[in-house]
Amino acid sequence: MSTRPAIIPPFVAAILKEYTDAIRPAIGFMLISAVFSAFLVPLFFMLLSMSTASSRKRPIFIINTLSILLGLVLGILSIHLSVTGILNPLVQSNAKEVFAYGVFFVWLPWITEFVLIFRVLVVYSSYSRTRLGMIIAFPVVMKLARAGIFIHFLVLWNQLTATSTVQQYLIAEGLPRWIHECGWILELFDNMYISALFLWQLASQGHIFNGQSVGRHSDGGKYSVTNQLRTLFWIASTNLIFPIIFGVIEIAFLFQPQLQLTASMIYSANIYVSVVSTVFASVWASTSPFRDTAALQHDQPAQNGSKREKLEPLAFVGNSSNGRQTHTFATISVVPSESSSSNV
């Protein structure tokens with residue numbers, strides 16, 4: 001005797017559909033926050049383990065540490081609000097907690113990007129103050145404009161979360177679209193400009209795309225300084241480009257009204273991607289890869305009177321003989337080997 005599957009009554013199906021529609025945004029934000037927050041924990045310990053007592057006093061390390069900690073706080077708030085939204089989709093969460101989440105949501109990327117500002121100041125430190133001011137004028141103006149948009153957003157966010165009786169996800173959809181559009185577009189151009197400045201200086205000073213200008217080791221293999229520098233350059237490039245890729249995607253979704261909430265989820269993921277990318281770029285730029293490459297260059301002297309590569313550490317802070325703090329950048333210069341000098 002066969003049994004027919006039970007048919008859900010229409011009114012029950014309607015209730016289930018309303019419930020799943022209500023909790024779908026909460027599930028998406030919860031998954032994003034849980035995955036990336038879990039990744040930030042080992043990243044934080046990696047940053048500590050690869051730092052030194054002197055490097056922990058530098059602005060870049062301080063901002064990286066602050067970004068990771070703020071990212072963890074944002075993740076905890078997001079997970080708690082998401083769980084509350086799943087368990088009680090028809091009840092608004094605590095207004096103060098929702099407002100705090102909005103503060104971290106908009107300001108965390110802004111704070112994280114100062115790591116790139118400091119990197120640009122380091123690699124362009126040889127420029128005059130006037131020329132350096134002209135170079136960083138654009139990102140400064142962009143950040144000030146974005147700060148004004150953030151303040152306006154938070155004023156509206158505070159008013160709506162304090163009086164509304166719906167979930168914060170519906171409140172976000174009801175905000176004026178120009179706030180997101182202007183803020184995210186300015187952020188995209190800001191990141192593109194500052195990343196291009198850093199990578200351009202890295203490529204031009206390192207002669208990375210011209211192996212003949214720096215010479216090669218006798219082995220000519222993957223362990224040569226030129227090849228290692230080229231590999232490290234592409235690592236840094238991807239670390240800086242990933243947030244830009246996410247920015248382009250979120251803006252593309254933002255201009256589709258029905259996908260505005262999806263764009264916010266992508267933006268939430270991009271916040272964590274920015275934190276992770278800047279920390280990876282910092283670890284790459286100031287720790288073992290460059291020291292290993294320099295050690296390799298030192299341990300493999302040139303042969304047959306050929307030229308060898310001389311590598312200096314990137315963004316390494318030290319003290320000169322007169323006590324003043326100096327900054328050096330990853331550069332490659334060509335120096336004659338000892339055997340060649342003796343023949344002159």
# chains A, B, ... in the order shown; residues from 1 in each chain; ligands from 1
>>> closest_atom_pairs(of="range 92-171 of chain A", to="range 41-65 of chain A", cutoff="8 Å", atoms="only C-alpha atoms", output="CSV")
residue,atom,partner,partner_atom,distance
A:Ile111,CA,A:Ile63,CA,7.5
A:Thr112,CA,A:Ile63,CA,6.8
A:Phe114,CA,A:Ile63,CA,7.4
A:Val115,CA,A:Ile60,CA,5.5
A:Phe118,CA,A:Ile60,CA,6.8
A:Arg119,CA,A:Ile60,CA,8.0
>>> write_last_selection(atoms="C-alpha atoms", output="PDB file, in the first residue's frame")
ATOM      1  CA  ILE A 111      41.032  52.909   9.373  1.00  0.00           C
ATOM      2  CA  THR A 112      42.605  49.891   7.677  1.00  0.00           C
ATOM      3  CA  PHE A 114      45.868  54.096   6.629  1.00  0.00           C
ATOM      4  CA  VAL A 115      48.359  51.232   6.434  1.00  0.00           C
ATOM      5  CA  PHE A 118      51.968  54.999   5.698  1.00  0.00           C
ATOM      6  CA  ARG A 119      53.525  52.677   3.124  1.00  0.00           C
TER       7      ARG A 119
END
>>> residues_around(residues="range 129-138 of chain A", least_positions_apart="2", cutoff="12 Å", atoms="only C-alpha atoms", output="PDB file with N, CA and C atoms, in the first residue's frame")
ATOM      1  N   PHE A 114      44.749  53.251   6.223  1.00  0.00           N
ATOM      2  CA  PHE A 114      45.868  54.096   6.629  1.00  0.00           C
ATOM      3  C   PHE A 114      47.188  53.335   6.586  1.00  0.00           C
ATOM      4  N   LEU A 116      48.182  51.608   4.043  1.00  0.00           N
ATOM      5  CA  LEU A 116      48.692  51.933   2.716  1.00  0.00           C
ATOM      6  C   LEU A 116      49.199  53.367   2.653  1.00  0.00           C
ATOM      7  N   ILE A 117      48.544  54.266   3.369  1.00  0.00           N
ATOM      8  CA  ILE A 117      49.018  55.652   3.406  1.00  0.00           C
ATOM      9  C   ILE A 117      50.425  55.710   3.983  1.00  0.00           C
ATOM     10  N   PHE A 118      50.641  55.011   5.090  1.00  0.00           N
ATOM     11  CA  PHE A 118      51.968  54.999   5.698  1.00  0.00           C
ATOM     12  C   PHE A 118      52.987  54.351   4.780  1.00  0.00           C
ATOM     13  N   ARG A 119      52.591  53.322   4.044  1.00  0.00           N
ATOM     14  CA  ARG A 119      53.525  52.677   3.124  1.00  0.00           C
ATOM     15  C   ARG A 119      53.926  53.634   2.011  1.00  0.00           C
ATOM     16  N   VAL A 120      52.966  54.383   1.508  1.00  0.00           N
ATOM     17  CA  VAL A 120      53.285  55.352   0.458  1.00  0.00           C
ATOM     18  C   VAL A 120      54.218  56.429   0.995  1.00  0.00           C
ATOM     19  N   LEU A 121      53.981  56.892   2.213  1.00  0.00           N
ATOM     20  CA  LEU A 121      54.865  57.896   2.807  1.00  0.00           C
ATOM     21  C   LEU A 121      56.281  57.365   2.951  1.00  0.00           C
ATOM     22  N   VAL A 122      56.408  56.065   3.247  1.00  0.00           N
ATOM     23  CA  VAL A 122      57.736  55.478   3.407  1.00  0.00           C
ATOM     24  C   VAL A 122      58.452  55.372   2.069  1.00  0.00           C
ATOM     25  N   VAL A 123      57.764  54.816   1.079  1.00  0.00           N
ATOM     26  CA  VAL A 123      58.444  54.556  -0.191  1.00  0.00           C
ATOM     27  C   VAL A 123      58.693  55.830  -0.984  1.00  0.00           C
ATOM     28  N   TYR A 124      57.965  56.901  -0.684  1.00  0.00           N
ATOM     29  CA  TYR A 124      58.192  58.176  -1.345  1.00  0.00           C
ATOM     30  C   TYR A 124      58.882  59.177  -0.417  1.00  0.00           C
ATOM     31  N   SER A 125      59.560  58.679   0.600  1.00  0.00           N
ATOM     32  CA  SER A 125      60.175  59.563   1.591  1.00  0.00           C
ATOM     33  C   SER A 125      61.302  60.409   1.010  1.00  0.00           C
ATOM     34  N   SER A 126      61.877  59.987  -0.112  1.00  0.00           N
ATOM     35  CA  SER A 126      62.952  60.762  -0.716  1.00  0.00           C
ATOM     36  C   SER A 126      62.441  61.988  -1.464  1.00  0.00           C
ATOM     37  N   TYR A 127      61.140  62.078  -1.675  1.00  0.00           N
ATOM     38  CA  TYR A 127      60.562  63.209  -2.384  1.00  0.00           C
ATOM     39  C   TYR A 127      60.501  64.425  -1.463  1.00  0.00           C
ATOM     40  N   VAL A 140      43.799  61.903   0.521  1.00  0.00           N
ATOM     41  CA  VAL A 140      43.349  62.657   1.694  1.00  0.00           C
ATOM     42  C   VAL A 140      41.980  63.273   1.441  1.00  0.00           C
ATOM     43  N   VAL A 141      41.795  63.862   0.263  1.00  0.00           N
ATOM     44  CA  VAL A 141      40.497  64.448  -0.089  1.00  0.00           C
ATOM     45  C   VAL A 141      39.422  63.362  -0.142  1.00  0.00           C
ATOM     46  N   MET A 142      39.759  62.203  -0.707  1.00  0.00           N
ATOM     47  CA  MET A 142      38.807  61.104  -0.786  1.00  0.00           C
ATOM     48  C   MET A 142      38.380  60.644   0.600  1.00  0.00           C
ATOM     49  N   LYS A 143      39.336  60.535   1.505  1.00  0.00           N
ATOM     50  CA  LYS A 143      39.007  60.070   2.848  1.00  0.00           C
ATOM     51  C   LYS A 143      38.181  61.098   3.613  1.00  0.00           C
ATOM     52  N   LEU A 144      38.452  62.373   3.410  1.00  0.00           N
ATOM     53  CA  LEU A 144      37.641  63.403   4.057  1.00  0.00           C
ATOM     54  C   LEU A 144      36.215  63.387   3.521  1.00  0.00           C
ATOM     55  N   ALA A 145      36.071  63.220   2.221  1.00  0.00           N
ATOM     56  CA  ALA A 145      34.725  63.146   1.632  1.00  0.00           C
ATOM     57  C   ALA A 145      33.976  61.927   2.146  1.00  0.00           C
ATOM     58  N   LEU A 186      33.814  56.282  -4.062  1.00  0.00           N
ATOM     59  CA  LEU A 186      34.984  57.022  -3.571  1.00  0.00           C
ATOM     60  C   LEU A 186      36.008  56.079  -2.957  1.00  0.00           C
ATOM     61  N   GLU A 187      35.544  55.078  -2.224  1.00  0.00           N
ATOM     62  CA  GLU A 187      36.461  54.096  -1.631  1.00  0.00           C
ATOM     63  C   GLU A 187      37.209  53.336  -2.708  1.00  0.00           C
ATOM     64  N   PHE A 189      37.978  54.290  -5.852  1.00  0.00           N
ATOM     65  CA  PHE A 189      38.997  55.129  -6.478  1.00  0.00           C
ATOM     66  C   PHE A 189      40.130  55.443  -5.510  1.00  0.00           C
ATOM     67  N   ASP A 190      39.812  55.595  -4.247  1.00  0.00           N
ATOM     68  CA  ASP A 190      40.834  55.836  -3.234  1.00  0.00           C
ATOM     69  C   ASP A 190      41.800  54.663  -3.164  1.00  0.00           C
ATOM     70  N   ASN A 191      41.262  53.442  -3.084  1.00  0.00           N
ATOM     71  CA  ASN A 191      42.110  52.257  -3.001  1.00  0.00           C
ATOM     72  C   ASN A 191      42.903  52.028  -4.275  1.00  0.00           C
ATOM     73  N   MET A 192      42.279  52.266  -5.420  1.00  0.00           N
ATOM     74  CA  MET A 192      42.987  52.090  -6.687  1.00  0.00           C
ATOM     75  C   MET A 192      44.170  53.038  -6.796  1.00  0.00           C
ATOM     76  N   TYR A 193      43.975  54.275  -6.403  1.00  0.00           N
ATOM     77  CA  TYR A 193      45.038  55.268  -6.513  1.00  0.00           C
ATOM     78  C   TYR A 193      46.192  54.957  -5.572  1.00  0.00           C
ATOM     79  N   ILE A 194      45.886  54.698  -4.310  1.00  0.00           N
ATOM     80  CA  ILE A 194      46.942  54.500  -3.330  1.00  0.00           C
ATOM     81  C   ILE A 194      47.679  53.188  -3.586  1.00  0.00           C
ATOM     82  N   SER A 195      46.972  52.153  -4.063  1.00  0.00           N
ATOM     83  CA  SER A 195      47.625  50.886  -4.393  1.00  0.00           C
ATOM     84  C   SER A 195      48.524  51.045  -5.606  1.00  0.00           C
ATOM     85  N   ALA A 196      48.057  51.808  -6.601  1.00  0.00           N
ATOM     86  CA  ALA A 196      48.871  52.032  -7.792  1.00  0.00           C
ATOM     87  C   ALA A 196      50.147  52.794  -7.444  1.00  0.00           C
ATOM     88  N   LEU A 197      50.060  53.762  -6.543  1.00  0.00           N
ATOM     89  CA  LEU A 197      51.255  54.498  -6.112  1.00  0.00           C
ATOM     90  C   LEU A 197      52.282  53.556  -5.497  1.00  0.00           C
ATOM     91  N   PHE A 198      51.808  52.699  -4.602  1.00  0.00           N
ATOM     92  CA  PHE A 198      52.722  51.795  -3.905  1.00  0.00           C
ATOM     93  C   PHE A 198      53.355  50.795  -4.867  1.00  0.00           C
TER      94      PHE A 198
END
>>> atom_distance(atom1="CA of Ile249 in chain A", atom2="CA of Tyr267 in chain A")
9.0 Å
>>> closest_atom_pairs(of="range 77-108 of chain A", to="range 146-155 of chain A", cutoff="9 Å", atoms="only C-alpha atoms", output="JSON lines")
{"residue": "A:Phe99", "atom": "CA", "partner": "A:Leu154", "partner_atom": "CA", "distance": 7.8}
{"residue": "A:Gly102", "atom": "CA", "partner": "A:Leu154", "partner_atom": "CA", "distance": 7.1}
{"residue": "A:Val103", "atom": "CA", "partner": "A:Leu154", "partner_atom": "CA", "distance": 7.0}
{"residue": "A:Val106", "atom": "CA", "partner": "A:Phe150", "partner_atom": "CA", "distance": 6.5}
{"residue": "A:Trp107", "atom": "CA", "partner": "A:Phe150", "partner_atom": "CA", "distance": 7.6}
>>> closest_residue(among="A:Ala162, A:Ala95, A:Ala172, A:Val279", to="Ala263 in chain A", atoms="only C-alpha atoms")
A:Ala172
>>> residues_around(residues="Leu81 in chain A", least_positions_apart="3", cutoff="9 Å", atoms="only C-alpha atoms", output="MDAnalysis selection string")
chainID A and resid 26 30 76:78 84:86 93:94 97:98 101 168
>>> atom_distance(atom1="CA of Ser37 in chain A", atom2="CA of Asn88 in chain A")
23.6 Å
>>> atom_distance(atom1="CA of Leu156 in chain A", atom2="CA of Gly28 in chain A")
24.0 Å
>>> closest_residue(among="A:Gln256, A:Phe105, A:Ile23, A:Phe29", to="Ser67 in chain A", atoms="only C-alpha atoms")
A:Phe105
>>> residues_around(residues="Asn270 in chain A", least_positions_apart="3", cutoff="7 Å", atoms="only C-alpha atoms", output="JSON, numbers by chain")
{"A": [243, 246, 266, 267, 273, 274]}
>>> write_last_selection(atoms="N, CA, C and O atoms", output="mmCIF file, in the first residue's frame")
data_model
loop_
_atom_site.group_PDB
_atom_site.id
_atom_site.type_symbol
_atom_site.label_atom_id
_atom_site.label_comp_id
_atom_site.auth_asym_id
_atom_site.auth_seq_id
_atom_site.Cartn_x
_atom_site.Cartn_y
_atom_site.Cartn_z
ATOM 1 N N PRO A 243 40.957 43.621 -2.622
ATOM 2 C CA PRO A 243 39.895 44.546 -2.179
ATOM 3 C C PRO A 243 39.304 45.361 -3.316
ATOM 4 O O PRO A 243 38.109 45.685 -3.291
ATOM 5 N N PHE A 246 36.757 43.150 -5.152
ATOM 6 C CA PHE A 246 35.519 43.093 -4.388
ATOM 7 C C PHE A 246 34.755 44.414 -4.492
ATOM 8 O O PHE A 246 33.518 44.415 -4.554
ATOM 9 N N ILE A 266 28.519 41.609 0.180
ATOM 10 C CA ILE A 266 29.837 41.632 -0.457
ATOM 11 C C ILE A 266 30.718 42.689 0.187
ATOM 12 O O ILE A 266 31.923 42.484 0.393
ATOM 13 N N TYR A 267 30.137 43.833 0.513
ATOM 14 C CA TYR A 267 30.895 44.881 1.198
ATOM 15 C C TYR A 267 31.376 44.396 2.564
ATOM 16 O O TYR A 267 32.506 44.692 2.982
ATOM 17 N N VAL A 273 38.417 41.220 3.893
ATOM 18 C CA VAL A 273 39.448 41.025 2.876
ATOM 19 C C VAL A 273 40.475 42.155 2.949
ATOM 20 O O VAL A 273 41.689 41.922 2.811
ATOM 21 N N SER A 274 40.011 43.376 3.179
ATOM 22 C CA SER A 274 40.933 44.512 3.289
ATOM 23 C C SER A 274 41.865 44.359 4.486
ATOM 24 O O SER A 274 43.067 44.623 4.391
#
